[in-house]
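Okay, my_file_10.tsv now, which holds TSV, C-alpha atoms:
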chain	number	residue	atom	x	y	z
A	30	MET	CA	76.49	95.20	-27.08
A	31	ILE	CA	78.16	91.85	-26.65
A	32	GLU	CA	80.35	92.13	-23.61
A	33	GLY	CA	83.89	90.87	-23.36
A	34	ILE	CA	85.09	91.59	-26.90
A	35	HIS	CA	88.19	93.72	-27.03
A	36	VAL	CA	88.44	96.19	-29.86
A	37	ALA	CA	92.07	95.47	-30.65
A	38	HIS	CA	93.76	92.05	-30.66
A	39	SER	CA	97.10	90.98	-32.02
A	40	MET	CA	95.32	88.57	-34.38
A	41	ILE	CA	92.05	90.41	-34.90
A	42	LEU	CA	91.10	94.04	-35.27
A	43	SER	CA	87.38	94.07	-34.59
A	44	HIS	CA	84.91	96.29	-36.31
A	45	GLN	CA	83.39	98.95	-34.05
A	46	LEU	CA	81.44	96.80	-31.67
A	47	SER	CA	78.62	99.28	-31.38
A	48	ALA	CA	77.46	97.52	-34.55
A	49	TYR	CA	76.40	94.65	-32.31
A	50	GLU	CA	73.18	95.80	-30.73
A	51	ILE	CA	71.76	93.19	-28.43
A	52	ASN	CA	68.52	93.00	-26.48
A	53	GLU	CA	68.69	90.55	-23.64
A	54	VAL	CA	66.27	88.63	-21.48
A	55	ALA	CA	67.91	86.66	-18.68
A	56	VAL	CA	65.75	87.77	-15.77
A	57	ILE	CA	62.89	85.47	-16.81
A	58	ILE	CA	65.08	82.36	-16.80
A	59	VAL	CA	66.62	83.38	-13.48
A	60	ALA	CA	63.09	83.91	-12.10
A	61	ALA	CA	61.97	80.49	-13.36
A	62	LEU	CA	65.03	78.86	-11.79
A	63	ALA	CA	64.39	80.72	-8.54
A	64	TYR	CA	60.78	79.49	-8.58
A	65	ILE	CA	61.86	75.88	-9.03
A	66	LEU	CA	64.53	76.24	-6.33
A	67	ALA	CA	61.90	77.74	-4.00
A	68	LEU	CA	59.60	74.77	-4.68
A	69	GLY	CA	62.50	72.37	-4.13
A	70	GLY	CA	63.39	74.17	-0.90
A	71	MET	CA	59.80	73.92	0.30
A	72	ALA	CA	59.74	70.23	-0.60
A	73	ILE	CA	62.93	69.55	1.34
A	74	ALA	CA	61.67	71.59	4.31
A	75	GLY	CA	58.40	69.61	4.27
A	76	LEU	CA	60.29	66.31	4.14
A	77	ILE	CA	62.58	67.30	7.02
A	78	ILE	CA	59.78	68.60	9.24
A	79	CYS	CA	57.10	65.97	8.56
A	80	GLY	CA	58.94	63.00	7.02
A	81	TRP	CA	58.38	61.08	3.78
A	82	GLY	CA	54.73	61.07	2.75
A	83	LYS	CA	53.61	62.78	5.97
A	84	VAL	CA	53.04	66.26	4.58
A	85	ASP	CA	49.35	67.10	4.61
A	86	ASN	CA	49.48	70.51	2.98
A	87	ILE	CA	51.90	73.26	2.09
A	88	SER	CA	50.57	76.72	1.40
A	89	THR	CA	52.71	79.63	0.32
A	90	ASP	CA	52.26	83.33	0.72
A	91	TRP	CA	54.59	84.55	-2.04
A	92	ILE	CA	53.91	88.19	-1.27
A	93	HIS	CA	55.00	88.01	2.37
A	94	GLY	CA	57.47	85.17	1.83
A	95	LYS	CA	55.78	82.78	4.25
A	96	VAL	CA	55.24	79.03	3.95
A	97	ASN	CA	52.79	77.03	6.08
A	98	ILE	CA	53.58	73.34	6.36
A	99	VAL	CA	50.87	71.11	7.82
A	100	CYS	CA	51.87	67.55	8.78
A	101	ARG	CA	49.63	64.48	9.12
A	102	ARG	CA	49.35	62.91	12.56
B	16	MET	CA	104.34	70.58	-34.78
B	17	PRO	CA	103.77	71.43	-31.10
B	18	ALA	CA	101.97	68.75	-29.13
B	19	LEU	CA	98.30	69.49	-28.53
B	20	THR	CA	97.38	69.06	-24.87
B	21	SER	CA	93.62	69.23	-25.29
B	22	ALA	CA	91.12	71.31	-27.22
B	23	PHE	CA	89.28	72.03	-23.94
B	24	GLN	CA	92.40	73.59	-22.42
B	25	LEU	CA	93.49	75.52	-25.50
B	26	SER	CA	90.01	76.87	-26.25
B	27	GLY	CA	89.44	78.15	-22.71
B	28	GLY	CA	86.75	75.53	-22.02
B	29	ILE	CA	84.74	76.07	-25.19
B	30	LEU	CA	85.63	73.04	-27.31
B	31	LEU	CA	86.33	69.34	-26.90
B	32	ASP	CA	88.70	67.30	-29.10
B	33	ASP	CA	85.93	65.47	-30.96
B	34	ASP	CA	83.63	68.45	-31.57
B	35	CYS	CA	82.70	68.94	-35.21
B	36	ILE	CA	82.91	72.68	-35.82
B	37	SER	CA	82.15	75.07	-38.65
B	38	LEU	CA	81.66	78.80	-39.20
B	39	TYR	CA	78.20	80.34	-38.87
B	40	ARG	CA	76.76	80.97	-42.33
B	41	ASP	CA	76.35	84.76	-41.91
B	42	LEU	CA	80.08	85.13	-41.34
B	43	VAL	CA	81.95	85.35	-44.62
B	44	LEU	CA	85.69	85.55	-45.09
B	45	THR	CA	86.65	88.10	-47.72
B	46	GLY	CA	90.42	88.34	-48.12
B	47	GLN	CA	91.88	89.25	-44.75
B	48	ALA	CA	88.58	90.27	-43.24
B	49	LEU	CA	85.69	88.47	-41.61
B	50	GLU	CA	82.37	90.01	-42.57
B	51	ASP	CA	79.35	89.63	-40.35
B	52	ARG	CA	76.41	90.07	-42.71
B	53	THR	CA	73.77	90.27	-39.98
B	54	VAL	CA	75.22	93.42	-38.44
B	55	SER	CA	77.31	94.62	-41.41
B	56	ALA	CA	80.48	94.42	-39.36
B	57	ARG	CA	83.92	93.84	-40.83
B	58	HIS	CA	86.69	92.42	-38.66
B	59	GLU	CA	90.24	92.73	-39.97
B	60	LEU	CA	92.30	89.57	-39.46
B	61	HIS	CA	95.97	88.73	-39.18
B	62	PRO	CA	96.93	86.49	-42.17
B	63	LEU	CA	97.37	83.49	-39.84
B	64	ALA	CA	93.96	84.11	-38.25
B	65	ALA	CA	92.42	84.50	-41.72
B	66	LYS	CA	93.93	81.16	-42.77
B	67	ALA	CA	92.63	79.47	-39.63
B	68	ILE	CA	89.11	80.84	-40.15
B	69	ALA	CA	89.24	79.89	-43.84
B	70	ASN	CA	89.84	76.27	-42.76
B	71	LEU	CA	86.74	76.52	-40.62
B	72	ALA	CA	84.65	78.18	-43.33
B	73	SER	CA	85.30	75.64	-46.07
B	74	GLU	CA	83.84	72.55	-44.36
B	75	PRO	CA	83.08	71.18	-40.87
B	76	VAL	CA	86.27	70.18	-39.14
B	77	ARG	CA	87.21	68.32	-35.97
B	78	ALA	CA	88.22	70.75	-33.19
B	79	LYS	CA	91.47	68.90	-32.48
B	80	THR	CA	92.44	68.98	-36.17
B	81	TRP	CA	91.59	72.68	-36.46
B	82	ILE	CA	93.58	73.69	-33.39
B	83	ASP	CA	96.47	71.41	-34.44
B	84	GLY	CA	96.50	73.19	-37.81
B	85	MET	CA	96.63	76.63	-36.15
B	86	LEU	CA	99.52	75.61	-33.90
B	87	GLY	CA	101.28	74.05	-36.91
B	88	SER	CA	100.96	77.30	-38.89
B	89	GLY	CA	103.09	79.14	-36.32
B	90	MET	CA	100.43	80.54	-34.02
B	91	THR	CA	101.13	80.50	-30.29
B	92	GLU	CA	98.71	78.99	-27.80
B	93	SER	CA	97.53	82.48	-26.79
B	94	ASN	CA	96.94	83.37	-30.47
B	95	VAL	CA	94.83	80.22	-30.83
B	96	LEU	CA	92.85	81.10	-27.70
B	97	GLU	CA	92.33	84.64	-28.98
B	98	VAL	CA	90.96	83.47	-32.35
B	99	ILE	CA	88.66	80.87	-30.78
B	100	ARG	CA	87.37	83.32	-28.15
B	101	PHE	CA	86.73	86.01	-30.72
B	102	VAL	CA	84.85	83.75	-33.15
B	103	ASN	CA	82.88	82.35	-30.21
B	104	GLN	CA	81.99	85.79	-28.84
B	105	ILE	CA	80.41	86.90	-32.10
B	106	GLY	CA	78.52	83.60	-32.22
B	107	GLY	CA	80.53	82.31	-35.16
B	108	LEU	CA	81.23	78.79	-33.95
B	109	VAL	CA	78.72	76.14	-34.96
B	110	VAL	CA	79.50	73.10	-32.81
B	111	ARG	CA	78.07	69.62	-33.32
B	112	ARG	CA	78.52	67.51	-30.20
B	113	GLY	CA	77.13	64.12	-29.25
B	114	LEU	CA	75.33	63.35	-25.99
B	115	ARG	CA	78.41	61.70	-24.50
B	116	SER	CA	80.59	64.71	-25.27
B	117	THR	CA	77.88	67.04	-23.89
B	118	LEU	CA	77.95	65.15	-20.59
B	119	ASP	CA	81.77	65.13	-20.70
B	120	MET	CA	81.74	68.92	-21.16
B	121	ALA	CA	79.31	69.37	-18.25
B	122	VAL	CA	81.57	67.27	-15.98
B	123	ARG	CA	84.66	69.24	-17.07
B	124	GLN	CA	82.93	72.57	-16.48
B	125	ILE	CA	81.80	71.49	-13.00
B	126	THR	CA	85.32	70.20	-12.19
B	127	LEU	CA	86.80	73.48	-13.41
B	128	ALA	CA	84.33	75.48	-11.31
B	129	LYS	CA	85.16	73.36	-8.23
B	130	LEU	CA	88.84	74.18	-8.74
B	131	GLY	CA	87.94	77.86	-8.82
B	132	GLY	CA	88.33	78.28	-12.57
B	133	ARG	CA	85.76	79.61	-14.99
B	134	GLY	CA	85.47	78.48	-18.58
B	135	THR	CA	84.14	80.73	-21.33
B	136	ALA	CA	80.49	80.09	-22.11
B	137	ARG	CA	79.85	78.98	-25.66
B	138	VAL	CA	77.78	81.43	-27.66
B	139	TYR	CA	74.98	79.94	-29.72
B	140	ARG	CA	73.70	81.87	-32.70
B	141	ALA	CA	70.60	81.03	-34.70
B	142	PRO	CA	68.46	82.65	-37.39
B	143	ALA	CA	65.82	84.95	-35.92
B	144	GLY	CA	62.79	82.80	-36.67
B	145	VAL	CA	60.39	81.02	-34.33
B	146	ARG	CA	62.48	77.85	-34.56
B	147	GLY	CA	65.76	79.65	-33.90
B	148	ILE	CA	64.29	81.55	-30.95
B	149	ALA	CA	62.69	78.40	-29.49
B	150	SER	CA	66.01	76.58	-29.83
B	151	ALA	CA	67.90	79.41	-28.10
B	152	VAL	CA	65.28	79.58	-25.32
B	153	GLY	CA	65.62	75.81	-24.89
B	154	ARG	CA	69.39	76.09	-24.57
B	155	ALA	CA	69.23	79.00	-22.15
B	156	SER	CA	66.66	77.10	-20.08
B	157	ALA	CA	68.71	73.87	-19.97
B	158	PRO	CA	69.36	74.20	-16.20
B	159	LEU	CA	65.61	74.55	-15.76
B	160	PHE	CA	64.86	71.45	-17.82
B	161	ALA	CA	67.45	69.55	-15.80
B	162	THR	CA	66.12	70.55	-12.36
B	163	ALA	CA	62.38	71.09	-12.77
B	164	PRO	CA	61.25	67.52	-13.63
B	165	VAL	CA	63.34	65.99	-10.82
B	166	THR	CA	62.24	68.58	-8.25
B	167	LEU	CA	58.56	68.42	-9.16
B	168	SER	CA	58.46	64.60	-9.41
B	169	LEU	CA	60.22	64.11	-6.08
B	170	ALA	CA	58.06	66.71	-4.35
B	171	ASN	CA	54.94	65.10	-5.77
B	172	VAL	CA	55.91	61.49	-4.99
B	173	ALA	CA	56.80	62.49	-1.42
B	174	HIS	CA	53.35	64.18	-1.15
B	175	VAL	CA	55.04	67.47	-0.33
B	176	ILE	CA	53.10	69.27	-3.03
B	177	SER	CA	49.74	68.19	-4.36
B	178	LEU	CA	48.98	67.27	-7.95
B	179	GLN	CA	47.18	70.60	-8.28
B	180	GLN	CA	50.28	72.47	-7.13
B	181	THR	CA	52.43	70.47	-9.54
B	182	GLU	CA	50.10	71.37	-12.40
B	183	LEU	CA	50.31	75.00	-11.36
B	184	ALA	CA	54.13	74.84	-11.33
B	185	VAL	CA	54.18	73.25	-14.81
B	186	ALA	CA	51.76	75.90	-16.10
B	187	VAL	CA	53.97	78.66	-14.65
B	188	LEU	CA	57.11	77.22	-16.29
B	189	VAL	CA	55.37	76.74	-19.65
B	190	THR	CA	54.12	80.34	-19.46
B	191	LEU	CA	57.59	81.68	-18.68
B	192	LEU	CA	59.17	79.72	-21.56
B	193	LEU	CA	56.49	80.68	-24.10
B	194	SER	CA	56.59	84.30	-22.98
B	195	MET	CA	60.37	84.36	-23.56
B	196	VAL	CA	59.80	83.19	-27.13
B	197	ALA	CA	57.10	85.89	-27.49
B	198	HIS	CA	59.45	88.51	-26.00
B	199	GLU	CA	62.19	87.75	-28.54
B	200	LEU	CA	59.65	87.51	-31.35
B	201	GLY	CA	58.48	91.00	-30.38
B	202	HIS	CA	62.01	92.29	-30.96
B	203	VAL	CA	62.52	90.31	-34.17
B	204	LEU	CA	59.23	91.28	-35.81
B	205	THR	CA	59.89	94.94	-35.05
B	206	ILE	CA	63.41	94.71	-36.47
B	207	LYS	CA	62.08	92.97	-39.58
B	208	HIS	CA	59.36	95.60	-39.89
B	209	PHE	CA	62.18	98.11	-40.30
B	210	ARG	CA	63.74	95.85	-42.97
B	211	CYS	CA	66.76	94.88	-40.92
B	212	ASP	CA	68.35	91.49	-40.46
B	213	ALA	CA	68.69	89.89	-37.02
B	214	CYS	CA	70.07	86.83	-35.27
B	215	VAL	CA	69.33	85.21	-31.91
B	216	ILE	CA	72.26	84.91	-29.54
B	217	GLN	CA	72.34	82.72	-26.43
B	218	ARG	CA	75.15	82.66	-23.91
B	219	GLY	CA	74.59	80.84	-20.64
B	220	LEU	CA	71.32	82.11	-19.21
B	221	ARG	CA	71.44	85.19	-21.40
B	222	LEU	CA	69.37	85.41	-24.49
B	223	GLY	CA	69.19	88.24	-26.97
B	224	ILE	CA	68.89	89.54	-30.49
B	225	ILE	CA	71.77	91.08	-32.42
B	226	HIS	CA	71.02	93.39	-35.27
B	227	ARG	CA	72.47	96.19	-37.32
B	228	LYS	CA	72.36	99.69	-35.87
B	229	MET	CA	69.10	101.35	-36.83
B	230	LYS	CA	67.63	104.84	-36.54
B	231	ARG	CA	67.04	106.11	-33.01
B	232	ARG	CA	63.25	105.81	-33.26
B	233	GLU	CA	63.53	102.28	-34.65
B	234	GLU	CA	65.91	101.24	-31.86
B	235	LEU	CA	63.49	102.65	-29.29
B	236	MET	CA	60.57	100.74	-30.81
B	237	THR	CA	62.60	97.53	-30.96
B	238	SER	CA	63.68	97.77	-27.32
B	239	LEU	CA	60.11	98.50	-26.19
B	240	MET	CA	58.31	95.86	-28.21
B	241	GLY	CA	60.04	92.79	-26.69
B	242	PRO	CA	59.01	93.42	-23.06
B	243	MET	CA	55.56	94.63	-24.15
B	244	VAL	CA	54.83	91.50	-26.21
B	245	GLY	CA	56.30	89.30	-23.45
B	246	ALA	CA	54.10	90.96	-20.81
B	247	VAL	CA	50.96	90.75	-22.96
B	248	SER	CA	51.62	87.06	-23.70
B	249	CYS	CA	51.84	86.36	-19.94
B	250	LEU	CA	48.52	88.09	-19.36
B	251	ALA	CA	46.99	86.21	-22.30
B	252	MET	CA	48.13	82.91	-20.78
B	253	THR	CA	46.02	83.65	-17.70
B	254	ALA	CA	43.04	83.23	-19.99
B	255	VAL	CA	44.31	79.80	-21.09
B	256	PHE	CA	45.17	78.29	-17.70
B	257	HIS	CA	42.17	78.54	-15.37
B	258	MET	CA	43.92	77.47	-12.20
B	259	ASN	CA	43.70	78.73	-8.67
B	260	GLY	CA	46.57	81.16	-8.11
B	261	PHE	CA	47.71	81.25	-11.74
B	262	ALA	CA	46.46	84.80	-12.38
B	263	GLU	CA	48.88	86.15	-9.75
B	264	PHE	CA	51.75	84.29	-11.41
B	265	GLY	CA	50.74	85.58	-14.84
B	266	LEU	CA	50.75	89.13	-13.49
B	267	ALA	CA	54.13	88.61	-11.78
B	268	ALA	CA	55.61	87.20	-15.01
B	269	ALA	CA	54.26	90.19	-16.96
B	270	ILE	CA	55.92	92.53	-14.44
B	271	LEU	CA	59.18	90.56	-14.84
B	272	HIS	CA	59.12	91.23	-18.58
B	273	LEU	CA	58.55	94.93	-17.96
B	274	LEU	CA	61.43	94.91	-15.44
B	275	SER	CA	63.77	94.31	-18.36
B	276	LEU	CA	63.07	97.94	-19.27
B	277	LEU	CA	65.05	99.09	-16.25
B	278	PRO	CA	67.99	101.19	-17.45
B	279	TRP	CA	70.85	99.00	-16.21
B	280	TYR	CA	69.75	95.84	-17.96
B	281	GLY	CA	69.38	94.53	-21.54
B	282	ASP	CA	66.40	96.16	-23.23
B	283	GLY	CA	66.22	99.01	-20.74
B	284	ARG	CA	69.89	99.82	-21.27
B	285	ALA	CA	69.38	99.97	-25.05
B	286	LEU	CA	66.24	102.06	-24.57
B	287	PHE	CA	67.88	104.60	-22.24
B	288	ASN	CA	71.07	104.76	-24.33
B	289	ASN	CA	68.91	105.80	-27.27
B	290	LEU	CA	66.88	108.23	-25.20
B	291	MET	CA	70.09	109.85	-23.93
B	292	LYS	CA	71.27	110.40	-27.51
B	293	SER	CA	68.60	113.02	-28.10

Just give me the structure of the file as structure tokens.
Amino acid sequence: MIEGIHVAHSMILSHQLSAYEINEVAVIIVAALAYILALGGMAIAGLIICGWGKVDNISTDWIHGKVNIVCRR
Amino acid sequence: MPALTSAFQLSGGILLDDDCISLYRDLVLTGQALEDRTVSARHELHPLAAKAIANLASEPVRAKTWIDGMLGSGMTESNVLEVIRFVNQIGGLVVRRGLRSTLDMAVRQITLAKLGGRGTARVYRAPAGVRGIASAVGRASAPLFATAPVTLSLANVAHVISLQQTELAVAVLVTLLLSMVAHELGHVLTIKHFRCDACVIQRGLRLGIIHRKMKRREELMTSLMGPMVGAVSCLAMTAVFHMNGFAEFGLAAAILHLLSLLPWYGDGRALFNNLMKS
């Protein structure tokens, strides 16, 4: 159901809102945003630790939530 | 006629003065009632609300003019807000807004959020076809489109992530977006199989399908098919993108789709509500 609609208003008397059946998918977009934010976070961490253009390699272990940042000498 | 402060203020953050608005085509005003043909709902209206919606239904109108007209007809500011919020919540407002106004709205929303306020999200409704679903997915993913190119480009230019990793990230995002379209198509095709009408609804990051109430078995099938098709499409994409590490992402995305079958969320809630009816 669409949330936030009140059944009775002073200007509108809504039809039974159970008529509005809704299937939602927001978790995928949130996951995609989280992925991009994680990449952005890794990028910023790499820049802070190694400096601009000095990152040699970043490897991620998504399962254990670990990131390895290797800097160039 | 009372002075109009601003459409943004009076609409609870939904409209701007220069927005060109009209009523969604599936909503039809019959006498003092607003009929929603997609879901066969009938909303009874106060005569003033019916007059206001009739103005919207006849032709596209400027938001400021529409709100001015409502205030001029004797409605209070709270009545105006109530009508706008209601029409918005059932996805009835079709808003045409230029790029400048879109940026203006974004700035206003951010300013409002900084002040601790929260505007009402505009509800976008579209026909349940591939184009409508893709458009709704695009709108829901707007924050992603705004952040992903900047993040990936900067990370790549600064040599923080390699070109290979950037390609992988792009492939993951493309998979997620396409799988969302597939997920919604799964719902829509099932609903259409049962000869029902449907519409796509997008509100903020939320995306869904509204449809008329169907038989219990049909509702169950509809709720199940979206996540199943979404999950299968993610797995199928692993066959398209042969990249190192992509298979794990494809599997994770498939699991994400199936997670929407959990009982406290979207499809899962609809599924369990129907199961509990037995």

Return the single residue from B:Ala48, B:Ala56, B:Ile225, B:Leu276 that is closest to Pro142 (chain B), with distances computed using only C-alpha atoms.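 Closest to Pro142 (chain B) of all the choices is B:Ile225.
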
Separation of CA of Ser26 (chain B) from CA of Met85 (chain B) in Å: 11.9 Å

Find the nearest atom pair between each residue of chain B and chain A for residues within 8 Å, count all atoms listed in the file, give distances in Å to one decimal, sort rows by chain and ascending number, and present the table as CSV.
residue,atom,partner,partner_atom,distance
B:Val54,CA,A:Ala48,CA,6.1
B:Ser55,CA,A:Ala48,CA,7.4
B:Ala56,CA,A:His44,CA,5.7
B:Arg57,CA,A:His44,CA,5.2
B:His58,CA,A:Ser43,CA,4.4
B:Glu59,CA,A:Leu42,CA,5.0
B:Leu60,CA,A:Ile41,CA,4.6
B:His61,CA,A:Met40,CA,4.8
B:Leu63,CA,A:Met40,CA,7.7
B:Ala64,CA,A:Met40,CA,6.1
B:Asn94,CA,A:Met40,CA,6.7
B:Glu97,CA,A:Met40,CA,7.3
B:Val98,CA,A:Met40,CA,7.0
B:Phe101,CA,A:Ile34,CA,7.0
B:Gln104,CA,A:Ile34,CA,6.9
B:Ile105,CA,A:Ile31,CA,7.7
B:Ala155,CA,A:Ile58,CA,7.6
B:Ser156,CA,A:Ile58,CA,6.4
B:Pro158,CA,A:Leu62,CA,7.7
B:Leu159,CA,A:Leu62,CA,5.9
B:Thr162,CA,A:Ile65,CA,7.6
B:Ala163,CA,A:Ile65,CA,6.1
B:Thr166,CA,A:Gly69,CA,5.6
B:Leu167,CA,A:Gly69,CA,7.5
B:Ala170,CA,A:Ala72,CA,5.4
B:Val172,CA,A:Gly82,CA,7.8
B:Ala173,CA,A:Gly82,CA,4.9
B:His174,CA,A:Gly82,CA,5.2
B:Val175,CA,A:Val84,CA,5.4
B:Ile176,CA,A:Ile87,CA,6.6
B:Ser177,CA,A:Asn86,CA,7.7
B:Leu188,CA,A:Ala61,CA,6.5
B:Leu191,CA,A:Ile57,CA,6.8
B:Met195,CA,A:Ile57,CA,7.3
B:His202,CA,A:Asn52,CA,7.9
B:Leu220,CA,A:Ala55,CA,5.7
B:Arg221,CA,A:Ala55,CA,4.7
B:Leu222,CA,A:Glu53,CA,5.3
B:Gly223,CA,A:Glu53,CA,4.1
B:Ile224,CA,A:Ile51,CA,5.1
B:Ile225,CA,A:Ile51,CA,4.5
B:His226,CA,A:Glu50,CA,5.6
B:Arg227,CA,A:Ala48,CA,5.9
B:Lys228,CA,A:Ala48,CA,5.7
B:Ser238,CA,A:Asn52,CA,6.8
B:Ala268,CA,A:Ile57,CA,7.7
B:Leu271,CA,A:Ile57,CA,6.6
B:His272,CA,A:Ile57,CA,7.1
B:Ser275,CA,A:Val54,CA,6.9
B:Tyr280,CA,A:Glu53,CA,7.8
B:Gly281,CA,A:Glu53,CA,4.6
B:Asp282,CA,A:Asn52,CA,5.0
B:Ala285,CA,A:Asn52,CA,7.2

Report, in Å with one decimal, the straight-line distance from CA of Ser88 (chain B) to CA of Ala22 (chain B). 16.4 Å

Separation of CA of Glu182 (chain B) from CA of Arg102 (chain A) in Å: 26.4 Å

Take the point (82.8, 72.9, -40.6) in the file's coordinates, draw a sphere of radius 8 Å around it, and report as a PDB file with C-alpha atoms, in the frame of the given file every protein, DNA or RNA residue with an atom inside or on it, counting all atoms listed in the file.
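Final file, result05.pdb:
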ATOM      1  CA  CYS B  35      82.700  68.940 -35.210  1.00  0.00           C
ATOM      2  CA  ILE B  36      82.910  72.680 -35.820  1.00  0.00           C
ATOM      3  CA  SER B  37      82.150  75.070 -38.650  1.00  0.00           C
ATOM      4  CA  LEU B  38      81.660  78.800 -39.200  1.00  0.00           C
ATOM      5  CA  LEU B  71      86.740  76.520 -40.620  1.00  0.00           C
ATOM      6  CA  ALA B  72      84.650  78.180 -43.330  1.00  0.00           C
ATOM      7  CA  SER B  73      85.300  75.640 -46.070  1.00  0.00           C
ATOM      8  CA  GLU B  74      83.840  72.550 -44.360  1.00  0.00           C
ATOM      9  CA  PRO B  75      83.080  71.180 -40.870  1.00  0.00           C
ATOM     10  CA  VAL B  76      86.270  70.180 -39.140  1.00  0.00           C
ATOM     11  CA  ARG B  77      87.210  68.320 -35.970  1.00  0.00           C
ATOM     12  CA  VAL B 109      78.720  76.140 -34.960  1.00  0.00           C
TER      13      VAL B 109
END

For a cutoff of 10 Å around the file-coordinate point (47.3, 86.7, -16.3), which residues qualify once you count all atoms listed in the file? I'd like the result as a VMD selection string. chain B and resid 190 246 to 257 260 to 269

Can you tell me which residues surround Val138 (chain B) at a distance of at most 8 Å, considering only C-alpha atoms, apart from same-chain residues fewer than 4 positions away, and format the answer as a list in words? Asn103, Gln104, Ile105, Gly106, Leu108, Ile216, Gln217, Arg218 and Gly219 of chain B
